[in-house]
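See below for my_file.cif, which holds mmCIF, C-alpha atoms and all ligand atoms.
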```cif
data_work
loop_
_atom_site.label_atom_id
_atom_site.label_comp_id
_atom_site.auth_asym_id
_atom_site.auth_seq_id
_atom_site.Cartn_x
_atom_site.Cartn_y
_atom_site.Cartn_z
CA MET A 1 101.62 109.59 97.74
CA SER A 2 103.91 106.61 97.35
CA LEU A 3 104.11 105.07 100.80
CA TYR A 4 104.09 101.69 99.10
CA GLN A 5 107.33 102.55 97.27
CA VAL A 6 109.02 103.86 100.43
CA GLN A 7 108.11 100.69 102.26
CA LYS A 8 109.21 98.49 99.39
CA LEU A 9 112.67 100.04 99.41
CA ILE A 10 112.96 99.57 103.19
CA TYR A 11 111.71 95.98 102.84
CA GLN A 12 114.47 95.25 100.32
CA LEU A 13 117.12 96.92 102.48
CA ASN A 14 116.04 94.92 105.53
CA ARG A 15 116.12 91.52 103.88
CA ASP A 16 118.73 91.74 101.14
CA PRO A 17 122.42 92.26 101.93
CA ARG A 18 123.20 93.20 98.31
CA THR A 19 120.64 96.01 98.34
CA ARG A 20 122.20 97.21 101.59
CA GLN A 21 125.63 97.24 100.02
CA ARG A 22 124.37 99.09 96.97
CA TYR A 23 122.60 101.59 99.21
CA ALA A 24 125.86 102.23 101.04
CA ASP A 25 127.84 102.59 97.79
CA GLU A 26 125.39 104.48 95.56
CA ARG A 27 122.39 105.59 97.57
CA ASP A 28 120.98 108.03 95.03
CA ALA A 29 120.92 105.37 92.33
CA VAL A 30 119.00 103.01 94.62
CA LEU A 31 116.55 105.77 95.55
CA GLY A 32 116.12 106.42 91.82
CA ASP A 33 114.86 102.87 91.32
CA TYR A 34 111.70 103.70 93.27
CA ASP A 35 108.85 106.07 92.46
CA LEU A 36 109.33 108.54 95.33
CA THR A 37 108.33 112.14 96.05
CA GLN A 38 111.00 114.71 97.02
CA GLU A 39 109.67 114.62 100.60
CA GLU A 40 110.13 110.84 100.71
CA ILE A 41 113.62 110.97 99.18
CA GLY A 42 114.61 113.58 101.75
CA ALA A 43 113.19 111.56 104.62
CA LEU A 44 114.98 108.38 103.51
CA ALA A 45 118.31 110.03 102.75
CA LYS A 46 118.61 112.03 105.97
CA PRO A 47 117.21 109.70 107.50
CA ASP A 48 114.29 111.52 109.09
CA ILE A 49 112.78 108.71 111.15
CA GLY A 50 110.08 111.02 112.53
CA LEU A 51 108.87 111.98 109.06
CA LEU A 52 108.99 108.40 107.79
CA TYR A 53 106.87 107.40 110.78
CA VAL A 54 104.36 110.19 110.10
CA LEU A 55 104.23 109.24 106.41
CA GLY A 56 102.91 105.89 107.62
CA VAL A 57 105.86 103.50 107.30
CA ASN A 58 105.02 100.28 109.13
CA GLY A 59 106.99 100.07 112.39
CA GLN A 60 108.15 96.56 111.58
CA LEU A 61 109.99 98.03 108.60
CA LEU A 62 110.98 101.32 110.18
CA MET A 63 112.66 99.92 113.31
CA HIS A 64 115.06 97.91 111.16
CA PHE A 65 115.75 100.88 108.89
CA ALA A 66 116.65 102.79 112.08
CA ALA A 67 118.87 99.92 113.26
CA LEU A 68 120.60 99.95 109.86
CA HIS A 69 121.57 103.57 110.59
CA ARG A 70 122.80 102.57 114.05
CA ILE A 71 119.99 104.46 115.74
CA GLU A 72 119.59 102.98 119.18
CA TRP A 73 116.12 101.86 120.38
CA THR A 74 115.34 104.70 122.81
CA ASP A 75 116.55 107.24 120.24
CA TYR A 76 114.36 105.56 117.61
CA LEU A 77 111.28 105.98 119.81
CA GLU A 78 112.22 109.59 120.58
CA ARG A 79 112.66 110.45 116.90
CA MET A 80 109.13 109.19 116.19
CA ARG A 81 107.79 111.38 119.00
CA GLN A 82 109.63 114.36 117.58
CA GLY A 83 108.17 113.54 114.18
CA LEU A 84 104.65 113.72 115.61
CA LYS A 85 105.42 117.14 117.11
CA GLU A 86 106.99 118.46 113.95
CA TYR A 87 104.74 116.99 111.25
CA GLY A 88 101.47 116.10 113.00
CA PRO A 89 99.68 112.76 113.28
CA VAL A 90 100.47 109.66 111.23
CA ARG A 91 98.95 110.12 107.78
CA GLU A 92 98.42 106.54 106.61
CA GLY A 93 98.56 102.89 107.64
CA VAL A 94 97.91 101.15 110.96
CA TYR A 95 100.94 102.30 112.98
CA ALA A 96 99.37 105.46 114.44
CA ALA A 97 100.28 106.66 117.93
CA THR A 98 97.55 106.27 120.54
CA GLY A 99 99.10 107.69 123.70
CA TYR A 100 101.11 105.89 126.37
CA GLU A 101 102.52 106.72 129.78
CA GLY A 102 105.99 105.46 128.74
CA VAL A 103 108.03 102.43 129.74
CA GLU A 104 109.54 103.98 132.88
CA ALA A 105 106.24 105.07 134.42
CA HIS A 106 104.66 101.77 133.35
CA ASP A 107 107.51 99.77 134.92
CA ALA A 108 107.16 101.74 138.15
CA ARG A 109 103.42 101.04 138.24
CA LEU A 110 103.96 97.30 137.63
CA LYS A 111 106.64 97.21 140.32
CA ALA A 112 104.27 98.86 142.83
CA GLU A 113 101.59 96.32 141.88
CA ARG A 114 104.02 93.41 142.38
CA GLU A 115 104.95 94.71 145.80
CA THR A 116 101.34 94.94 146.98
CA ARG A 117 100.54 91.47 145.62
CA MET B 1 100.96 60.21 113.62
CA PRO B 2 98.76 62.45 115.77
CA LEU B 3 100.25 65.78 116.79
CA VAL B 4 102.64 65.25 119.73
CA TYR B 5 102.89 68.79 121.07
CA CYS B 6 100.89 72.00 120.62
CA GLY B 7 101.67 75.34 122.22
CA ALA B 8 102.11 79.05 121.67
CA CYS B 9 104.57 81.73 122.71
CA SER B 10 105.65 85.34 122.33
CA HIS B 11 108.36 86.34 119.86
CA ALA B 12 109.02 90.00 120.65
CA PRO B 13 112.47 91.10 119.46
CA GLY B 14 113.09 92.91 122.76
CA ILE B 15 113.19 89.56 124.60
CA THR B 16 116.68 89.01 123.21
CA GLY B 17 117.57 92.44 121.82
CA ARG B 18 116.82 94.45 124.97
CA ALA B 19 117.10 91.62 127.50
CA GLU B 20 119.13 93.46 130.14
CA ARG B 21 116.69 96.37 130.26
CA ALA B 22 113.88 94.30 131.77
CA ASP B 23 113.35 93.61 135.45
CA THR B 24 115.96 90.89 136.17
CA GLN B 25 113.67 88.52 138.06
CA THR B 26 110.95 88.71 135.44
CA ARG B 27 113.43 88.14 132.62
CA GLN B 28 115.01 85.16 134.32
CA ALA B 29 111.60 83.65 135.04
CA LEU B 30 110.64 84.14 131.38
CA GLU B 31 113.83 82.54 130.08
CA THR B 32 113.44 79.61 132.47
CA ALA B 33 109.85 79.13 131.35
CA PHE B 34 110.92 79.32 127.69
CA ARG B 35 113.60 76.64 128.21
CA ARG B 36 111.13 74.46 130.10
CA MET B 37 108.73 74.77 127.18
CA GLY B 38 111.53 73.64 124.87
CA ASP B 39 112.30 70.69 127.14
CA GLU B 40 108.65 69.65 127.26
CA MET B 41 108.29 69.98 123.52
CA ARG B 42 111.46 67.95 122.83
CA ALA B 43 110.43 65.31 125.38
CA THR B 44 107.60 64.40 123.00
CA ARG B 45 110.36 63.28 120.55
CA PRO B 46 109.18 65.27 117.53
CA ASP B 47 110.70 64.66 114.10
CA ALA B 48 109.85 68.23 113.09
CA LEU B 49 108.39 71.42 114.49
CA VAL B 50 105.73 73.42 112.65
CA VAL B 51 105.99 77.09 113.60
CA ILE B 52 102.92 79.18 112.80
CA ALA B 53 104.40 82.66 112.72
CA ALA B 54 103.34 86.17 111.93
CA GLU B 55 106.32 87.40 109.99
CA HIS B 56 107.27 91.03 109.61
CA PHE B 57 108.19 91.52 105.94
CA ALA B 58 111.11 89.11 105.90
CA ASN B 59 109.63 87.28 102.91
CA PHE B 60 106.23 88.62 102.04
CA PHE B 61 105.31 92.14 101.05
CA MET B 62 102.30 94.01 99.75
CA ASN B 63 103.33 93.28 96.15
CA ASN B 64 102.12 89.69 96.54
CA MET B 65 100.90 89.02 100.06
CA PRO B 66 99.72 85.50 100.86
CA ALA B 67 97.10 85.22 103.60
CA PHE B 68 98.67 81.87 104.51
CA ALA B 69 101.98 80.36 103.50
CA ILE B 70 104.10 77.31 104.33
CA GLY B 71 107.81 76.93 103.72
CA MET B 72 108.99 74.05 101.55
CA ALA B 73 112.77 73.87 101.78
CA ASP B 74 115.51 71.74 103.30
CA SER B 75 117.01 74.73 105.13
CA TYR B 76 116.17 78.27 106.13
CA GLU B 77 118.41 81.20 106.98
CA GLY B 78 117.76 83.60 109.80
CA PRO B 79 117.36 85.92 111.49
CA ILE B 80 117.38 88.65 108.83
CA GLU B 81 117.69 91.28 111.54
CA ASP B 82 120.91 93.07 112.34
CA GLU B 83 122.74 90.77 114.77
CA ALA B 84 123.54 93.69 117.06
CA PHE B 85 119.86 94.65 117.16
CA LEU B 86 118.41 91.18 117.84
CA ARG B 87 121.47 89.61 119.45
CA ILE B 88 120.82 86.30 117.78
CA ARG B 89 123.51 85.03 115.48
CA ARG B 90 122.46 84.45 111.87
CA THR B 91 122.47 80.78 111.07
CA THR B 92 121.03 78.05 108.86
CA VAL B 93 118.16 76.08 110.36
CA PRO B 94 117.25 72.64 108.99
CA GLY B 95 113.94 72.09 107.21
CA ASN B 96 112.41 69.08 105.51
CA LYS B 97 111.21 69.80 101.99
CA ALA B 98 109.55 66.43 101.42
CA LEU B 99 107.64 66.61 104.70
CA SER B 100 106.61 70.21 103.97
CA ARG B 101 105.27 69.13 100.61
CA ARG B 102 103.16 66.34 102.11
CA LEU B 103 101.76 68.71 104.74
CA ILE B 104 101.01 71.40 102.15
CA GLU B 105 99.18 68.92 99.93
CA THR B 106 96.80 68.04 102.75
CA VAL B 107 96.36 71.64 103.93
CA MET B 108 95.41 72.54 100.35
CA GLN B 109 92.38 70.27 100.58
CA THR B 110 90.68 72.96 102.66
CA VAL B 111 92.86 76.10 102.67
CA ASP B 112 94.45 77.67 99.57
CA VAL B 113 97.87 78.04 101.15
CA ALA B 114 100.84 79.55 99.31
CA TYR B 115 104.11 77.67 99.44
CA ALA B 116 107.62 79.11 99.45
CA GLU B 117 110.84 77.30 98.55
CA GLU B 118 112.77 80.28 99.90
CA TRP B 119 112.10 81.64 103.33
CA LYS B 120 114.13 83.81 105.67
CA PHE B 121 113.34 83.77 109.35
CA ASP B 122 112.88 87.01 111.27
CA HIS B 123 112.46 87.52 115.00
CA GLY B 124 108.98 85.96 114.72
CA ILE B 125 110.61 82.54 114.40
CA SER B 126 114.21 83.19 115.48
CA VAL B 127 113.38 84.41 119.00
CA PRO B 128 111.28 81.33 119.89
CA LEU B 129 113.87 78.95 118.37
CA HIS B 130 116.67 80.69 120.27
CA PHE B 131 115.09 79.37 123.48
CA LEU B 132 113.18 76.27 122.35
CA THR B 133 115.76 74.61 120.07
CA PRO B 134 118.98 76.52 120.80
CA ASP B 135 121.07 73.92 118.95
CA TYR B 136 118.87 74.26 115.83
CA ASP B 137 118.82 70.48 115.56
CA LEU B 138 115.09 70.00 114.94
CA PRO B 139 113.80 70.43 111.35
CA ILE B 140 111.40 73.36 111.11
CA VAL B 141 108.35 73.72 108.91
CA PRO B 142 107.61 77.46 108.90
CA ALA B 143 104.04 78.58 108.34
CA ASN B 144 102.81 82.14 108.16
CA ILE B 145 99.64 84.09 108.62
CA ASN B 146 99.65 87.65 107.30
CA CYS B 147 99.14 89.82 110.39
CA GLN B 148 101.01 92.89 109.10
CA GLY B 149 99.59 94.16 105.84
CA PRO B 150 95.79 94.59 105.87
CA PRO B 151 93.50 93.34 104.49
CA LEU B 152 94.06 90.32 106.74
CA ALA B 153 92.36 86.95 106.58
CA PRO B 154 89.39 86.76 108.98
CA LEU B 155 89.96 85.01 112.31
CA ALA B 156 87.70 82.16 111.21
CA ARG B 157 90.12 81.46 108.36
CA ALA B 158 93.06 81.43 110.78
CA TRP B 159 91.10 78.79 112.66
CA ALA B 160 90.51 76.85 109.45
CA PHE B 161 94.25 77.04 108.69
CA GLY B 162 95.02 75.57 112.14
CA GLU B 163 92.52 72.78 111.59
CA ALA B 164 93.95 72.07 108.15
CA LEU B 165 97.47 71.87 109.60
CA ARG B 166 96.24 69.45 112.23
CA ARG B 167 94.67 67.19 109.62
CA ALA B 168 97.90 67.35 107.63
CA VAL B 169 100.08 66.54 110.65
CA ASP B 170 97.88 63.61 111.65
CA ALA B 171 98.14 62.20 108.13
CA VAL B 172 101.95 61.87 108.02
CA PRO B 173 103.92 59.11 109.78
CA GLU B 174 106.33 61.57 111.43
CA ARG B 175 105.90 62.86 114.97
CA ILE B 176 105.13 66.56 114.67
CA ALA B 177 105.14 69.32 117.26
CA LEU B 178 103.47 72.67 116.56
CA ILE B 179 103.69 76.14 118.06
CA GLY B 180 102.03 79.41 117.24
CA THR B 181 104.05 82.56 117.91
CA GLY B 182 102.78 86.08 118.23
CA GLY B 183 102.08 88.94 120.54
CA LEU B 184 98.75 89.59 122.21
CA SER B 185 97.97 93.28 122.80
CA HIS B 186 100.87 95.50 121.75
CA TRP B 187 101.79 98.64 119.85
CA PRO B 188 105.21 97.51 118.59
CA ALA B 189 107.81 99.81 117.06
CA THR B 190 105.60 102.88 117.58
CA PRO B 191 106.11 105.66 120.13
CA ASP B 192 103.66 103.63 122.27
CA SER B 193 105.98 100.60 122.35
CA GLY B 194 105.55 99.15 125.84
CA LYS B 195 101.84 99.83 126.07
CA ILE B 196 100.12 96.58 127.01
CA ASN B 197 96.44 95.88 127.69
CA HIS B 198 97.09 93.13 130.18
CA GLU B 199 93.41 92.70 131.09
CA TRP B 200 92.61 92.15 127.44
CA ASP B 201 95.47 89.64 127.20
CA ARG B 202 94.19 87.72 130.21
CA GLU B 203 90.68 87.54 128.81
CA PHE B 204 92.06 86.37 125.46
CA LEU B 205 94.12 83.67 127.20
CA ARG B 206 91.08 82.57 129.21
CA ARG B 207 89.28 81.94 125.92
CA TRP B 208 92.41 80.35 124.45
CA SER B 209 92.98 77.95 127.38
CA ALA B 210 89.34 76.93 127.30
CA ASN B 211 89.76 76.43 123.53
CA ASP B 212 86.49 78.30 123.16
CA ARG B 213 86.23 78.59 119.38
CA GLU B 214 83.20 80.85 119.38
CA ALA B 215 84.67 83.29 121.90
CA LEU B 216 88.06 83.33 120.16
CA LEU B 217 86.49 84.09 116.80
CA SER B 218 84.12 86.76 118.13
CA TYR B 219 86.73 89.56 118.07
CA THR B 220 86.52 92.01 115.18
CA ASP B 221 89.67 93.60 113.71
CA ALA B 222 88.29 97.05 114.64
CA GLU B 223 87.98 95.91 118.25
CA ILE B 224 91.44 94.30 118.21
CA TYR B 225 92.98 97.47 116.79
CA ARG B 226 91.28 99.64 119.41
CA GLU B 227 91.94 97.43 122.45
CA ALA B 228 95.06 95.51 121.49
CA GLY B 229 96.77 97.65 118.87
CA GLN B 230 98.10 96.75 115.44
CA GLY B 231 100.24 94.12 117.18
CA GLY B 232 97.07 92.42 118.40
CA PHE B 233 96.37 91.19 114.87
CA GLU B 234 98.96 88.50 115.65
CA ILE B 235 96.42 86.63 117.83
CA ARG B 236 95.73 84.80 114.57
CA THR B 237 98.74 82.57 115.31
CA PHE B 238 97.42 81.69 118.77
CA ILE B 239 93.99 81.03 117.27
CA ALA B 240 95.44 78.71 114.61
CA ALA B 241 97.35 76.80 117.33
CA ALA B 242 94.12 76.43 119.33
CA ALA B 243 92.41 75.02 116.26
CA ALA B 244 95.31 72.61 115.71
CA ALA B 245 94.91 71.40 119.30
CA GLY B 246 91.65 69.80 118.18
CA GLY B 247 89.50 70.78 121.14
CA ALA B 248 92.15 70.14 123.82
CA THR B 249 92.26 72.70 126.62
CA GLY B 250 95.35 74.75 127.34
CA ARG B 251 97.58 75.77 130.20
CA ILE B 252 99.22 79.18 130.60
CA ASP B 253 102.77 78.60 131.82
CA PHE B 254 103.85 82.23 131.83
CA CYS B 255 102.15 85.57 131.29
CA GLU B 256 103.77 88.77 132.53
CA PRO B 257 103.65 92.24 131.05
CA VAL B 258 107.19 93.44 130.25
CA PRO B 259 107.02 97.00 128.85
CA ILE B 260 110.59 97.09 127.49
CA PHE B 261 109.74 93.88 125.57
CA ALA B 262 106.50 95.57 124.41
CA VAL B 263 104.21 92.62 125.23
CA SER B 264 102.75 90.42 127.91
CA CYS B 265 105.35 87.69 127.55
CA THR B 266 103.24 84.57 127.18
CA LEU B 267 103.89 80.84 127.00
CA GLY B 268 101.16 78.23 126.90
CA SER B 269 100.52 74.72 125.77
CA PHE B 270 97.60 72.41 125.15
CA GLU B 271 96.98 69.22 127.09
CA LEU B 272 96.96 66.74 124.24
CA PRO B 273 95.65 63.28 125.15
CA PRO B 274 98.51 61.31 126.80
CA ALA B 275 98.02 58.31 124.51
CA GLN B 276 98.83 60.65 121.68
CA GLN B 277 102.00 61.95 123.26
CA ASN B 278 103.35 58.60 124.27
CA THR B 279 102.75 56.57 121.16
CA PRO B 280 106.20 55.30 120.25
CA SER B 281 107.25 56.09 116.70
CA SER B 282 107.30 53.09 114.36
FE FE C 301 105.29 90.12 115.80
#
```
Could you rewrite the structure in this file as structure tokens?
Ligand SMILES: [Fe+2]
Amino acid sequence: MSLYQVQKLIYQLNRDPRTRQRYADERDAVLGDYDLTQEEIGALAKPDIGLLYVLGVNGQLLMHFAALHRIEWTDYLERMRQGLKEYGPVREGVYAATGYEGVEAHDARLKAERETR
Amino acid sequence: MPLVYCGACSHAPGITGRAERADTQTRQALETAFRRMGDEMRATRPDALVVIAAEHFANFFMNNMPAFAIGMADSYEGPIEDEAFLRIRRTTVPGNKALSRRLIETVMQTVDVAYAEEWKFDHGISVPLHFLTPDYDLPIVPANINCQGPPLAPLARAWAFGEALRRAVDAVPERIALIGTGGLSHWPATPDSGKINHEWDREFLRRWSANDREALLSYTDAEIYREAGQGGFEIRTFIAAAAAAGGATGRIDFCEPVPIFAVSCTLGSFELPPAQQNTPSS
């Protein structure tokens, strides 16, 4: 288990333009700099956002890793949901899913509340 | 010079990055309230703004995580986020290294704060500045409380950090404004993004406005995680701002749940004694 290493790589990608460039040019070499399992390498390289989420990657790192791959916000959320279906609950960290009605239903409820106010 | 302004606000990246996806009226009201907060803060003629933030791995990581940190540089770059994601242009924001150093030296009398001569802003600072100081003409002193990578400093230490900052601010001749920035209840960047415990937020803000130290510090992290999510750990920044207000009571200027922004968007400020605000500099 090397969640720390996965997160460290994403941290560097998010904050350092040179690491981003190197990742674009020679991804496997960058991945080789970190102590990762095959599952983690696969999840990062694909990228499998759902699996990275289930592995426990902090959302504050993961959302920017998704943005780096031009994954739009709604798609990002959906990929995490798919990850939960495919791989089961979040295995580590504090970014577990707890259940939510969803933004659309929530917005509709708030709108109804505003109208009766 | 005594603190001239003390407030707190949200910093959710959706506020700029997903602006058009919120209810138009609510968004416009939020942006108006944000600009008014900036006007009020700048009307106190600050020489610098201390921002107590809860950063999200822009600078600090689990290899060497400071519980508390203060920036000590003459300029800061930000935001680190993809410009298309956050929709805030990357820029250089002025700092004041000498002032930072004097503040840090006083804070260190009571809190073992880390200092950083390099510091990149993320949405935690860049979103508030986008509205409060859109011309980036006010020197910033960034401060940080680790709210991301547990173990986290206890709430009582966040309070002590706020008190230490206040003592430090009062000890320098410059006019200093201070804001805390963070979310209240939220489950950011998870499949539950948008979930908000608005009742919990309102109760927290009741305690915050009353500047009720005991009630603010009575939350446990287990309770925060259960009721307010992992995002709720960021109340530390609001708590530090309350401590810096030195017993003054607060006013909530805006508090509306906006699911697409993932938080109850919140703006508030403390009623510092008028003599304090109006003292002319020099
Ligand atoms: Fe945050």
Show me which bits of chain B are within 9 Å of chain A, counting all atoms listed in the file, as a ChimeraX atom specification. /B:18,22-23,56-59,61-63,80-82,84-85,120,148-150,187-195,225,229-230,257-260,262
Taking C-alpha atoms for each residue, export the selection above as a tab-separated table (two decimals), in the coordinates of the input.
```
chain	number	residue	atom	x	y	z
B	18	ARG	CA	116.82	94.45	124.97
B	22	ALA	CA	113.88	94.30	131.77
B	23	ASP	CA	113.35	93.61	135.45
B	56	HIS	CA	107.27	91.03	109.61
B	57	PHE	CA	108.19	91.52	105.94
B	58	ALA	CA	111.11	89.11	105.90
B	59	ASN	CA	109.63	87.28	102.91
B	61	PHE	CA	105.31	92.14	101.05
B	62	MET	CA	102.30	94.01	99.75
B	63	ASN	CA	103.33	93.28	96.15
B	80	ILE	CA	117.38	88.65	108.83
B	81	GLU	CA	117.69	91.28	111.54
B	82	ASP	CA	120.91	93.07	112.34
B	84	ALA	CA	123.54	93.69	117.06
B	85	PHE	CA	119.86	94.65	117.16
B	120	LYS	CA	114.13	83.81	105.67
B	148	GLN	CA	101.01	92.89	109.10
B	149	GLY	CA	99.59	94.16	105.84
B	150	PRO	CA	95.79	94.59	105.87
B	187	TRP	CA	101.79	98.64	119.85
B	188	PRO	CA	105.21	97.51	118.59
B	189	ALA	CA	107.81	99.81	117.06
B	190	THR	CA	105.60	102.88	117.58
B	191	PRO	CA	106.11	105.66	120.13
B	192	ASP	CA	103.66	103.63	122.27
B	193	SER	CA	105.98	100.60	122.35
B	194	GLY	CA	105.55	99.15	125.84
B	195	LYS	CA	101.84	99.83	126.07
B	225	TYR	CA	92.98	97.47	116.79
B	229	GLY	CA	96.77	97.65	118.87
B	230	GLN	CA	98.10	96.75	115.44
B	257	PRO	CA	103.65	92.24	131.05
B	258	VAL	CA	107.19	93.44	130.25
B	259	PRO	CA	107.02	97.00	128.85
B	260	ILE	CA	110.59	97.09	127.49
B	262	ALA	CA	106.50	95.57	124.41
```
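The interatomic distance for the pair CA of Glu20 (chain B) and CA of Arg87 (chain B) works out to 11.6 Å.
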All residues within 8 Å of ligand FE 301 (chain C) are required, counting only C-alpha atoms and all ligand atoms; please report them as a PDB file with C-alpha atoms, in the coordinates of the input.
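Below is the file part16.pdb, written as the result:
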```pdb
ATOM      1  CA  HIS B  11     108.360  86.340 119.860  1.00  0.00           C
ATOM      2  CA  ALA B  12     109.020  90.000 120.650  1.00  0.00           C
ATOM      3  CA  ALA B  54     103.340  86.170 111.930  1.00  0.00           C
ATOM      4  CA  GLU B  55     106.320  87.400 109.990  1.00  0.00           C
ATOM      5  CA  HIS B  56     107.270  91.030 109.610  1.00  0.00           C
ATOM      6  CA  HIS B 123     112.460  87.520 115.000  1.00  0.00           C
ATOM      7  CA  GLY B 124     108.980  85.960 114.720  1.00  0.00           C
ATOM      8  CA  THR B 181     104.050  82.560 117.910  1.00  0.00           C
ATOM      9  CA  GLY B 182     102.780  86.080 118.230  1.00  0.00           C
ATOM     10  CA  GLY B 183     102.080  88.940 120.540  1.00  0.00           C
ATOM     11  CA  PRO B 188     105.210  97.510 118.590  1.00  0.00           C
ATOM     12  CA  GLY B 231     100.240  94.120 117.180  1.00  0.00           C
ATOM     13  CA  GLU B 234      98.960  88.500 115.650  1.00  0.00           C
TER      14      GLU B 234
END
```
All residues 9 Å or closer to Glu92 (chain A), all atoms listed in the file, same chain fewer than 6 positions away omitted, as number ranges by chain: A: 3, 54-57
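Of the residues listed (B:Thr32, B:Ser264, B:Ser126, B:Thr237), B:Ser126 shows the shortest atom-to-atom separation from Gly78 (chain B); distances use all atoms listed in the file.
CA of Ile70 (chain B) is positioned 7.2 Å from CA of Val141 (chain B).
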Take CA of Leu178 (chain B) and CA of Ile239 (chain B) and report the distance between them in Å, one decimal. 12.7 Å
Write out as a ChimeraX atom specification each polymer residue whose atoms come within 10 Å of Lys97 (chain B), counting only C-alpha atoms; drop sequence neighbours fewer than 5 positions from it. /B:71-75,102-103,117,139-141
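Here the question is which of B:Met41, B:Val263, B:Arg236, B:Ala245 gets nearest to Ala153 (chain B) using only C-alpha atoms, and that residue is B:Arg236.
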Output requested as an mmCIF file, in the frame of the given file - region 128-133 of chain B, filled out with all heavy atoms.
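Here's the written file result37.cif:
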```cif
data_model
loop_
_atom_site.group_PDB
_atom_site.id
_atom_site.type_symbol
_atom_site.label_atom_id
_atom_site.label_comp_id
_atom_site.auth_asym_id
_atom_site.auth_seq_id
_atom_site.Cartn_x
_atom_site.Cartn_y
_atom_site.Cartn_z
ATOM 1 N N PRO B 128 111.702 82.602 119.277
ATOM 2 C CA PRO B 128 111.280 81.330 119.890
ATOM 3 C C PRO B 128 112.323 80.215 119.753
ATOM 4 O O PRO B 128 112.616 79.514 120.729
ATOM 5 C CB PRO B 128 109.990 80.983 119.150
ATOM 6 C CG PRO B 128 109.435 82.302 118.725
ATOM 7 C CD PRO B 128 110.635 83.163 118.412
ATOM 8 N N LEU B 129 112.902 80.050 118.547
ATOM 9 C CA LEU B 129 113.870 78.950 118.370
ATOM 10 C C LEU B 129 115.110 79.141 119.239
ATOM 11 O O LEU B 129 115.706 78.162 119.693
ATOM 12 C CB LEU B 129 114.292 78.814 116.897
ATOM 13 C CG LEU B 129 113.213 78.406 115.895
ATOM 14 C CD1 LEU B 129 113.850 78.133 114.532
ATOM 15 C CD2 LEU B 129 112.408 77.202 116.368
ATOM 16 N N HIS B 130 115.501 80.390 119.445
ATOM 17 C CA HIS B 130 116.670 80.690 120.270
ATOM 18 C C HIS B 130 116.545 80.042 121.660
ATOM 19 O O HIS B 130 117.527 79.580 122.234
ATOM 20 C CB HIS B 130 116.795 82.212 120.400
ATOM 21 C CG HIS B 130 117.858 82.689 121.313
ATOM 22 N ND1 HIS B 130 119.192 82.658 120.983
ATOM 23 C CD2 HIS B 130 117.797 83.209 122.568
ATOM 24 C CE1 HIS B 130 119.895 83.134 121.997
ATOM 25 N NE2 HIS B 130 119.081 83.482 122.956
ATOM 26 N N PHE B 131 115.314 79.977 122.162
ATOM 27 C CA PHE B 131 115.090 79.370 123.480
ATOM 28 C C PHE B 131 114.639 77.913 123.383
ATOM 29 O O PHE B 131 115.019 77.089 124.210
ATOM 30 C CB PHE B 131 114.013 80.143 124.244
ATOM 31 C CG PHE B 131 114.439 81.545 124.602
ATOM 32 C CD1 PHE B 131 113.945 82.636 123.913
ATOM 33 C CD2 PHE B 131 115.350 81.754 125.628
ATOM 34 C CE1 PHE B 131 114.346 83.921 124.243
ATOM 35 C CE2 PHE B 131 115.759 83.041 125.972
ATOM 36 C CZ PHE B 131 115.252 84.125 125.277
ATOM 37 N N LEU B 132 113.817 77.590 122.393
ATOM 38 C CA LEU B 132 113.180 76.270 122.350
ATOM 39 C C LEU B 132 114.106 75.208 121.758
ATOM 40 O O LEU B 132 114.140 74.071 122.226
ATOM 41 C CB LEU B 132 111.880 76.321 121.538
ATOM 42 C CG LEU B 132 110.804 77.275 122.073
ATOM 43 C CD1 LEU B 132 109.607 77.309 121.123
ATOM 44 C CD2 LEU B 132 110.353 76.883 123.470
ATOM 45 N N THR B 133 114.829 75.561 120.712
ATOM 46 C CA THR B 133 115.760 74.610 120.070
ATOM 47 C C THR B 133 117.085 75.328 119.833
ATOM 48 O O THR B 133 117.495 75.554 118.689
ATOM 49 C CB THR B 133 115.202 74.086 118.718
ATOM 50 O OG1 THR B 133 115.005 75.207 117.840
ATOM 51 C CG2 THR B 133 113.887 73.367 118.875
#
```
